[in-house]
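Peer 1: Below are the structure tokens for one structure; questions will follow.
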Amino acid sequence: MSLHIGFPTALIYYSHFPFWQAYFNRLGAEVVTSPPTTKAILDDGAREAVADACVPIKLYHGHVLALKDKVDALFIPRMVRINRHATFCPKFLGLPDMVRATLSNLPPLIDLQVDVGRNLWGLWPTCRGVAEILGFSGRAAWAAYREGTRHQQAFQGLLLKGYLPLQALAKLRGEPVEPAARQPGALNLAVLGYPYQVYDGYISLNIIAKLKKMGVNIQTLEMVPPDRLYQLSRHLPRRLFWHFSNLVVGATSYYLRQGDLDGIIHVTAFGCGPDAMVDKIMELDIRHYTHGRLPFMSICIDEQTGDAGVNTRLEAFVDMLLQRRGNR
Ligand code: SF4
């Protein structure tokens with residue numbers, strides 16, 4: 001019987017899952033993911049996680065609980081750096097420790113460090129270490145690493161073509177998914193935020209689907225190469241410490257330079273320290289670059305945020321943008 005490795009459908013699931021799924025599959029292990037977020041999963045996570053954690057971290061705990069009795073081991077890597085420029089936020093750095101300290105009766109955790117900034121070999125040292133723990137040879141690990149790299153590149157390629165992360169994952173599974181075609185004359189909105197916040201349908205209250213239903217063209221940070229986003233985030237006197245924060249700031253700069261943008265929405269998480277700064281930087285950048293002319297809305301989501309409140313804000317924002325267009 002093959003080994004079952006649990007991968008919570010949260011945090012790096014939206015950015016790095018294809019790599020790890022292909023890697024484990026090539027080793028002969030089956031990857032089991034938790035179901036899409038529900039109220040029960042979020043409530044379980046919020047009950048168990050430390051009280052001052054941000055919503056995505058609480059949610060991660062809920063997904064671990066949903067998986068823990070179904071797998072032989074849980075993959076919870078300590079994400080330190082995925083490039084040489086910035087680290088992940090401290091919550092990512094301490095994630096395996098937080099999970100261990102707060103949840104009981106867990107299967108073994110595979111919690112090796114991912115620190116691409118320290119070496120020239122990318123994810124290879126982590127892959128070799130994981131294979132060693134699971135009892136596979138270096139040769140098997142290398143083949144699995146190569147397989148993971150191929151899948152991750154295919155995923156990134158789809159994102160750049162306009163697929164949203166969940167669509168790209170579905171496409172890689174062979175499902176007949178296509179990215180939404182850009183509607184001529186429709187409003188163009190950049191919806192920016194950390195992928196694990198924006199694409200979790202439950203905690204984001206399906207903001208993207210709602211906007212699409214209103215006929216809006218959506219642009220996201222995944223549609224721009226990460227290197228370009230890092231380059232654009234250099235306008236700050238000092239680059240931010242955190243990986244995803246730099247991507248959001250870079251994406252703001254990128255979309256501000258696109259002449260046809262009607263507005264920017266920042267989806268932010270309650271309890272997120274880095275976002276307190278990122279939100280302000282976005283506001284100042286927009287004010288500076290467009291002299292305050294580009295509408296900006298920040299939507300902060302917590303465990304209690306209701307559908308009705310978000311709907312009202314989105315509808316009001318879109319109505320206001322349509323009126324502005326009419327007045328131009
Ligand atoms: S960046 Fe913010 S939302 Fe993401 S894990 Fe850190 S504190 Fe939480």
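Chain labels A, B, ... are given in the sequence in which chains occur in the structure tokens; within each chain residues are numbered consecutively from 1, and ligands are likewise numbered from 1 in the order shown.
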Pick out each residue of region 83-198 of chain A that DSSP on the backbone tags as strand (DSSP E); I need them as a list in words.

Peer 2: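 DSSP-assigned strand (DSSP E) residues in region 83-198 of chain A: Leu109, Ile110, Gln113, Val114, Asp115, Asn188, Leu189, Ala190, Val191 and Leu192 of chain A.
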
Peer 1: Any chance you could export the current selection's C-alpha atoms as a short mmCIF file (atom, residue, chain, number, x, y, z; two decimals), in the first residue's frame?

Peer 2:
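To be explicit, this is the file written out as again-v1.cif:
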```cif
data_model
loop_
_atom_site.label_atom_id
_atom_site.label_comp_id
_atom_site.auth_asym_id
_atom_site.auth_seq_id
_atom_site.Cartn_x
_atom_site.Cartn_y
_atom_site.Cartn_z
CA LEU A 109 5.27 15.93 10.40
CA ILE A 110 7.68 16.33 7.50
CA GLN A 113 13.23 23.80 5.79
CA VAL A 114 12.79 25.35 2.35
CA ASP A 115 15.53 27.95 2.08
CA ASN A 188 -10.70 46.37 -15.42
CA LEU A 189 -9.91 45.72 -11.78
CA ALA A 190 -6.71 44.47 -10.19
CA VAL A 191 -7.57 42.22 -7.23
CA LEU A 192 -4.40 41.90 -5.19
#
```

Peer 1: Find the residues near ligand 1. Use a cut-off of 6 Å, count only C-alpha atoms and all ligand atoms, and write them as a PyMOL selection string.

Peer 2: chain A and resi 54+56-57+89+91-92+269+272-275

Peer 1: Please, could you write that set of residues out with N, CA and C atoms as a JSON list (two decimals), in the first residue's frame?

Peer 2:
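Wrote it out as again-v2.json, contents follow:
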```
[["chain", "number", "residue", "atom", "x", "y", "z"],
["A", 54, "CYS", "N", -3.27, 35.23, 12.44],
["A", 54, "CYS", "CA", -4.08, 35.78, 11.36],
["A", 54, "CYS", "C", -5.06, 34.71, 10.86],
["A", 56, "PRO", "N", -5.54, 33.31, 7.83],
["A", 56, "PRO", "CA", -5.00, 32.18, 7.06],
["A", 56, "PRO", "C", -4.29, 31.13, 7.92],
["A", 57, "ILE", "N", -3.65, 31.57, 8.99],
["A", 57, "ILE", "CA", -2.96, 30.60, 9.86],
["A", 57, "ILE", "C", -3.99, 29.79, 10.67],
["A", 89, "CYS", "N", 6.89, 35.34, 5.87],
["A", 89, "CYS", "CA", 6.58, 36.04, 7.12],
["A", 89, "CYS", "C", 6.81, 35.08, 8.30],
["A", 91, "LYS", "N", 5.14, 33.85, 10.53],
["A", 91, "LYS", "CA", 4.14, 32.79, 10.77],
["A", 91, "LYS", "C", 4.47, 31.55, 9.94],
["A", 92, "PHE", "N", 5.00, 31.76, 8.73],
["A", 92, "PHE", "CA", 5.41, 30.62, 7.90],
["A", 92, "PHE", "C", 6.63, 29.95, 8.52],
["A", 269, "ALA", "N", -5.95, 40.21, 5.21],
["A", 269, "ALA", "CA", -6.41, 39.31, 6.28],
["A", 269, "ALA", "C", -6.38, 40.01, 7.62],
["A", 272, "CYS", "N", -3.11, 40.27, 10.16],
["A", 272, "CYS", "CA", -1.85, 40.16, 9.40],
["A", 272, "CYS", "C", -0.99, 41.39, 9.67],
["A", 273, "GLY", "N", 0.15, 41.18, 10.33],
["A", 273, "GLY", "CA", 1.07, 42.29, 10.61],
["A", 273, "GLY", "C", 1.61, 42.91, 9.32],
["A", 274, "PRO", "N", 2.22, 42.10, 8.43],
["A", 274, "PRO", "CA", 2.77, 42.68, 7.19],
["A", 274, "PRO", "C", 1.73, 43.47, 6.40],
["A", 275, "ASP", "N", 0.50, 43.03, 6.38],
["A", 275, "ASP", "CA", -0.51, 43.71, 5.57],
["A", 275, "ASP", "C", -0.82, 45.12, 6.06]]
```

Peer 1: Quick one: pull the distance between CA of Leu322 (chain A) and CA of Leu160 (chain A), Å, one decimal.

Peer 2: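 If I compute the distance from CA of Leu322 (chain A) to CA of Leu160 (chain A), I get 27.8 Å.
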
Peer 1: Select from region 59-260 of chain A everything DSSP, run on the backbone, classes as helix (DSSP H, G or I), then give the selection as number ranges by chain.

Peer 2: A: 59-67, 90-93, 95-102, 116-118, 124-134, 138-160, 165-172, 195-198, 207-213, 221-223, 226-235, 243-256

Peer 1: Kindly indicate which residue among A:Thr87, A:Thr38, A:Ser15, A:Ser298 lies nearest to His63 (chain A), using only C-alpha atoms for the distances.

Peer 2: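 Looking at the shortest contact to His63 (chain A), the residue is A:Thr38.
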
Peer 1: At a cut-off of 10 Å, using only C-alpha atoms, what residues contact region 117-133 of chain A? Leave out same-chain residues fewer than 4 positions from it and give the result as a ChimeraX atom specification.

Peer 2: /A:19-20,23-24,27,75,77,80-87,110-113,137-142,144-146,148-149

Peer 1: Store the residues of this selection in a file with N, CA and C atoms, as a CSV table (one decimal), in the first residue's frame.

Peer 2:
```
chain,number,residue,atom,x,y,z
A,19,PHE,N,4.4,21.4,-7.6
A,19,PHE,CA,5.8,20.9,-7.4
A,19,PHE,C,5.7,19.7,-6.4
A,20,TRP,N,5.1,19.9,-5.3
A,20,TRP,CA,5.2,18.8,-4.3
A,20,TRP,C,4.3,17.6,-4.6
A,23,TYR,N,6.3,15.7,-7.1
A,23,TYR,CA,7.5,15.1,-6.4
A,23,TYR,C,7.1,13.9,-5.6
A,24,PHE,N,6.1,14.0,-4.8
A,24,PHE,CA,5.7,12.8,-4.0
A,24,PHE,C,5.1,11.7,-4.9
A,27,LEU,N,7.8,9.7,-6.3
A,27,LEU,CA,8.4,8.8,-5.3
A,27,LEU,C,7.5,7.6,-5.1
A,75,PHE,N,2.8,16.9,5.4
A,75,PHE,CA,3.9,17.8,4.9
A,75,PHE,C,3.7,19.2,5.3
A,77,PRO,N,6.2,22.1,5.5
A,77,PRO,CA,7.6,22.6,5.4
A,77,PRO,C,7.8,23.9,6.1
A,80,VAL,N,11.2,29.3,4.5
A,80,VAL,CA,12.1,30.4,4.9
A,80,VAL,C,12.3,31.4,3.7
A,81,ARG,N,12.8,30.9,2.6
A,81,ARG,CA,13.0,31.7,1.4
A,81,ARG,C,12.8,30.9,0.2
A,82,ILE,N,12.2,31.5,-0.8
A,82,ILE,CA,12.0,30.9,-2.1
A,82,ILE,C,12.8,31.6,-3.2
A,83,ASN,N,13.5,32.7,-2.8
A,83,ASN,CA,14.5,33.3,-3.6
A,83,ASN,C,15.5,34.0,-2.7
A,84,ARG,N,16.4,34.8,-3.4
A,84,ARG,CA,17.4,35.4,-2.5
A,84,ARG,C,17.0,36.8,-2.0
A,85,HIS,N,15.8,37.2,-2.3
A,85,HIS,CA,15.4,38.6,-2.0
A,85,HIS,C,14.7,38.7,-0.7
A,86,ALA,N,13.9,37.8,-0.3
A,86,ALA,CA,13.0,38.0,0.9
A,86,ALA,C,12.6,36.7,1.6
A,87,THR,N,12.3,36.8,2.8
A,87,THR,CA,11.8,35.6,3.6
A,87,THR,C,10.3,35.6,3.6
A,110,ILE,N,6.5,16.1,8.3
A,110,ILE,CA,7.7,16.3,7.5
A,110,ILE,C,7.9,17.8,7.4
A,111,ASP,N,8.8,18.3,8.2
A,111,ASP,CA,8.8,19.8,8.4
A,111,ASP,C,10.2,20.4,8.0
A,112,LEU,N,10.8,19.8,7.0
A,112,LEU,CA,12.1,20.3,6.6
A,112,LEU,C,12.0,21.7,6.1
A,113,GLN,N,13.2,22.4,6.2
A,113,GLN,CA,13.2,23.8,5.8
A,113,GLN,C,13.3,24.0,4.3
A,137,SER,N,16.0,6.5,-2.3
A,137,SER,CA,17.4,6.8,-2.7
A,137,SER,C,17.5,8.2,-3.2
A,138,GLY,N,18.8,8.6,-3.3
A,138,GLY,CA,19.1,9.9,-3.9
A,138,GLY,C,18.7,10.0,-5.3
A,139,ARG,N,18.9,8.9,-6.0
A,139,ARG,CA,18.5,8.8,-7.4
A,139,ARG,C,17.0,9.0,-7.6
A,140,ALA,N,16.2,8.4,-6.8
A,140,ALA,CA,14.8,8.5,-6.8
A,140,ALA,C,14.4,10.0,-6.5
A,141,ALA,N,15.1,10.5,-5.5
A,141,ALA,CA,14.8,11.9,-5.1
A,141,ALA,C,15.1,12.9,-6.3
A,142,TRP,N,16.1,12.6,-7.0
A,142,TRP,CA,16.5,13.5,-8.1
A,142,TRP,C,15.5,13.5,-9.2
A,144,ALA,N,12.4,12.7,-8.9
A,144,ALA,CA,11.1,13.3,-8.3
A,144,ALA,C,11.3,14.8,-8.3
A,145,TYR,N,12.5,15.3,-8.0
A,145,TYR,CA,12.7,16.7,-8.0
A,145,TYR,C,12.5,17.3,-9.4
A,146,ARG,N,13.1,16.6,-10.4
A,146,ARG,CA,12.9,17.0,-11.8
A,146,ARG,C,11.5,17.0,-12.2
A,148,GLY,N,8.9,17.4,-10.3
A,148,GLY,CA,8.2,18.5,-9.6
A,148,GLY,C,8.5,19.8,-10.3
A,149,THR,N,9.8,20.0,-10.7
A,149,THR,CA,10.1,21.2,-11.4
A,149,THR,C,9.3,21.4,-12.7
```

Peer 1: Excluding Thr268 (chain A) and residues on its chain fewer than 6 positions from it, collect all residues at most 9 Å away from it, counting only C-alpha atoms, and give them as a PyMOL selection string.

Peer 2: chain A and resi 192-194+197-198+275-276+279+298-301

Peer 1: Kindly give the distance, in Å, that separates CA of Phe17 (chain A) and CA of His266 (chain A), rounded to a single decimal.

Peer 2: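 Going from CA of Phe17 (chain A) over to CA of His266 (chain A), I get 23.9 Å.
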
Peer 1: Name all residues at most 12 Å from Pro225 (chain A) (count only C-alpha atoms; drop same-chain ones fewer than 6 positions away) and give them as a PyMOL selection string.

Peer 2: chain A and resi 153+156-162+231-232+247+250-251+254

Peer 1: May I have the residues within 12 Å of Leu236 (chain A) as a list in words, using only C-alpha atoms and disregarding those fewer than 2 positions away in the same chain?

Peer 2: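 Contacts, in chain order: Tyr230, Gln231, Leu232, Ser233, Arg234, Arg238, Arg239, Leu240, Phe241, Asn246, Val249, Gly250, Ser253, Val278, Ile281, Met282, Leu284 and Asp285 of chain A.
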